[in-house]
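Input: a single structure, listed below in structure tokens.
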Amino acid sequence: MAQVCRVLGDNVKALRLVQGLSQEALALEAGLDRTYISQIERGVSNPSVLVLLKIAAVLKAEVSDLFIKKK
């Protein structure tokens, strides 16, 4: 499970940076707390499906994109 959370976190961070968003901006647009985004990106939080849907919508991505391990 830890590896899945790590991949998720890495992908959220990468997509956020591509969009030019800070953690604060992503959190604000998704209706979440910035510290929660930080926890997700560090792989220490296990977000719900609803949270993943909110994040994916802001990042203009599919939820499945958040779980694809990049090489």
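Labels used: A, B, ... for chains in the order of the structure tokens, numbers from 1 for residues in each chain, and numbers from 1 for ligands as shown.
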(message) If we count only C-alpha atoms and set the cut-off at 7 Å, which residues sit around Val63 of chain A, ignoring sequence neighbours fewer than 3 positions away in its own chain? Please answer as number ranges by chain.
(response) A: 52-53, 56, 66
(message) Taking 6 positions as the minimum chain separation for residues in the same chain, which residues sit within 8 Å of segment 33-50 of chain A when counting only C-alpha atoms? Answer as number ranges by chain.
(response) A: 2, 5-13, 23-24, 26-27
Those selected residues, please, written with N, CA, C and O atoms and delivered as a PDB file, in the first residue's frame.
ATOM      1  N   ALA A   2       1.973   1.217   0.712  1.00  0.00           N
ATOM      2  CA  ALA A   2       2.855   2.385   0.782  1.00  0.00           C
ATOM      3  C   ALA A   2       3.367   2.764  -0.600  1.00  0.00           C
ATOM      4  O   ALA A   2       3.474   3.952  -0.918  1.00  0.00           O
ATOM      5  N   CYS A   5       0.652   4.600  -2.551  1.00  0.00           N
ATOM      6  CA  CYS A   5       0.535   5.981  -2.067  1.00  0.00           C
ATOM      7  C   CYS A   5       1.700   6.833  -2.566  1.00  0.00           C
ATOM      8  O   CYS A   5       1.527   8.016  -2.878  1.00  0.00           O
ATOM      9  N   ARG A   6       2.888   6.243  -2.658  1.00  0.00           N
ATOM     10  CA  ARG A   6       4.063   6.968  -3.143  1.00  0.00           C
ATOM     11  C   ARG A   6       3.904   7.331  -4.625  1.00  0.00           C
ATOM     12  O   ARG A   6       4.192   8.443  -5.047  1.00  0.00           O
ATOM     13  N   VAL A   7       3.450   6.360  -5.432  1.00  0.00           N
ATOM     14  CA  VAL A   7       3.215   6.607  -6.858  1.00  0.00           C
ATOM     15  C   VAL A   7       2.138   7.681  -7.023  1.00  0.00           C
ATOM     16  O   VAL A   7       2.291   8.615  -7.817  1.00  0.00           O
ATOM     17  N   LEU A   8       1.067   7.562  -6.266  1.00  0.00           N
ATOM     18  CA  LEU A   8       0.003   8.560  -6.304  1.00  0.00           C
ATOM     19  C   LEU A   8       0.560   9.945  -5.983  1.00  0.00           C
ATOM     20  O   LEU A   8       0.305  10.908  -6.702  1.00  0.00           O
ATOM     21  N   GLY A   9       1.328  10.035  -4.915  1.00  0.00           N
ATOM     22  CA  GLY A   9       1.898  11.312  -4.512  1.00  0.00           C
ATOM     23  C   GLY A   9       2.813  11.911  -5.563  1.00  0.00           C
ATOM     24  O   GLY A   9       2.742  13.111  -5.859  1.00  0.00           O
ATOM     25  N   ASP A  10       3.664  11.081  -6.129  1.00  0.00           N
ATOM     26  CA  ASP A  10       4.578  11.552  -7.179  1.00  0.00           C
ATOM     27  C   ASP A  10       3.806  12.073  -8.386  1.00  0.00           C
ATOM     28  O   ASP A  10       4.161  13.106  -8.964  1.00  0.00           O
ATOM     29  N   ASN A  11       2.745  11.367  -8.764  1.00  0.00           N
ATOM     30  CA  ASN A  11       1.963  11.778  -9.923  1.00  0.00           C
ATOM     31  C   ASN A  11       1.169  13.048  -9.664  1.00  0.00           C
ATOM     32  O   ASN A  11       1.074  13.913 -10.546  1.00  0.00           O
ATOM     33  N   VAL A  12       0.601  13.174  -8.476  1.00  0.00           N
ATOM     34  CA  VAL A  12      -0.122  14.408  -8.139  1.00  0.00           C
ATOM     35  C   VAL A  12       0.837  15.589  -8.207  1.00  0.00           C
ATOM     36  O   VAL A  12       0.529  16.623  -8.811  1.00  0.00           O
ATOM     37  N   LYS A  13       2.007  15.431  -7.629  1.00  0.00           N
ATOM     38  CA  LYS A  13       2.988  16.520  -7.633  1.00  0.00           C
ATOM     39  C   LYS A  13       3.416  16.871  -9.060  1.00  0.00           C
ATOM     40  O   LYS A  13       3.465  18.052  -9.434  1.00  0.00           O
ATOM     41  N   GLN A  23       0.863  23.989  -4.102  1.00  0.00           N
ATOM     42  CA  GLN A  23       0.023  23.122  -3.271  1.00  0.00           C
ATOM     43  C   GLN A  23      -1.188  23.903  -2.769  1.00  0.00           C
ATOM     44  O   GLN A  23      -2.295  23.372  -2.721  1.00  0.00           O
ATOM     45  N   GLU A  24      -0.968  25.148  -2.411  1.00  0.00           N
ATOM     46  CA  GLU A  24      -2.046  26.004  -1.910  1.00  0.00           C
ATOM     47  C   GLU A  24      -3.133  26.203  -2.964  1.00  0.00           C
ATOM     48  O   GLU A  24      -4.327  26.104  -2.673  1.00  0.00           O
ATOM     49  N   LEU A  26      -3.795  24.284  -5.630  1.00  0.00           N
ATOM     50  CA  LEU A  26      -4.475  23.008  -5.859  1.00  0.00           C
ATOM     51  C   LEU A  26      -5.477  22.748  -4.746  1.00  0.00           C
ATOM     52  O   LEU A  26      -6.628  22.380  -5.000  1.00  0.00           O
ATOM     53  N   ALA A  27      -5.052  22.942  -3.525  1.00  0.00           N
ATOM     54  CA  ALA A  27      -5.929  22.715  -2.371  1.00  0.00           C
ATOM     55  C   ALA A  27      -7.153  23.617  -2.436  1.00  0.00           C
ATOM     56  O   ALA A  27      -8.287  23.151  -2.224  1.00  0.00           O
TER      57      ALA A  27
END
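Coordinates place atom CA of Gln19 of chain A at a distance of 6.8 Å from atom CA of Leu59 of chain A.
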(message) To test your reading of the structure, identify every residue in chain A that backbone DSSP assigns to alpha helix (DSSP H), and report it as a ChimeraX atom specification.
(response) /A:2-18,23-30,34-41,49-58
Deliver the residues from the most recent selection as a file, using C-alpha atoms, as a compact mmCIF listing (two decimals), in the first residue's frame.
# COMPACT_ATOMS: atom_id res chain seq x y z
CA ALA A 2 2.86 2.38 0.78
CA GLN A 3 4.19 2.06 -2.77
CA VAL A 4 0.76 2.86 -4.24
CA CYS A 5 0.54 5.98 -2.07
CA ARG A 6 4.06 6.97 -3.14
CA VAL A 7 3.22 6.61 -6.86
CA LEU A 8 0.00 8.56 -6.30
CA GLY A 9 1.90 11.31 -4.51
CA ASP A 10 4.58 11.55 -7.18
CA ASN A 11 1.96 11.78 -9.92
CA VAL A 12 -0.12 14.41 -8.14
CA LYS A 13 2.99 16.52 -7.63
CA ALA A 14 4.16 16.10 -11.24
CA LEU A 15 0.75 16.98 -12.68
CA ARG A 16 0.42 19.92 -10.29
CA LEU A 17 3.76 21.31 -11.41
CA VAL A 18 2.87 20.85 -15.10
CA GLN A 23 0.02 23.12 -3.27
CA GLU A 24 -2.05 26.00 -1.91
CA ALA A 25 -3.69 26.69 -5.28
CA LEU A 26 -4.47 23.01 -5.86
CA ALA A 27 -5.93 22.71 -2.37
CA LEU A 28 -8.05 25.84 -2.80
CA GLU A 29 -9.47 24.75 -6.15
CA ALA A 30 -10.16 21.22 -4.87
CA ARG A 34 -2.85 22.52 1.75
CA THR A 35 -1.39 20.25 4.42
CA TYR A 36 -3.55 17.40 3.10
CA ILE A 37 -2.16 17.92 -0.42
CA SER A 38 1.33 17.84 1.09
CA GLN A 39 0.55 14.56 2.86
CA ILE A 40 -0.76 13.04 -0.37
CA GLU A 41 2.31 14.14 -2.32
CA VAL A 49 -12.15 8.30 -3.96
CA LEU A 50 -14.02 11.61 -3.59
CA VAL A 51 -10.75 13.43 -2.82
CA LEU A 52 -9.06 11.77 -5.80
CA LEU A 53 -11.93 12.87 -8.05
CA LYS A 54 -11.57 16.47 -6.84
CA ILE A 55 -7.80 16.48 -7.35
CA ALA A 56 -8.03 14.86 -10.79
CA ALA A 57 -10.63 17.42 -11.90
CA VAL A 58 -8.41 20.35 -10.90
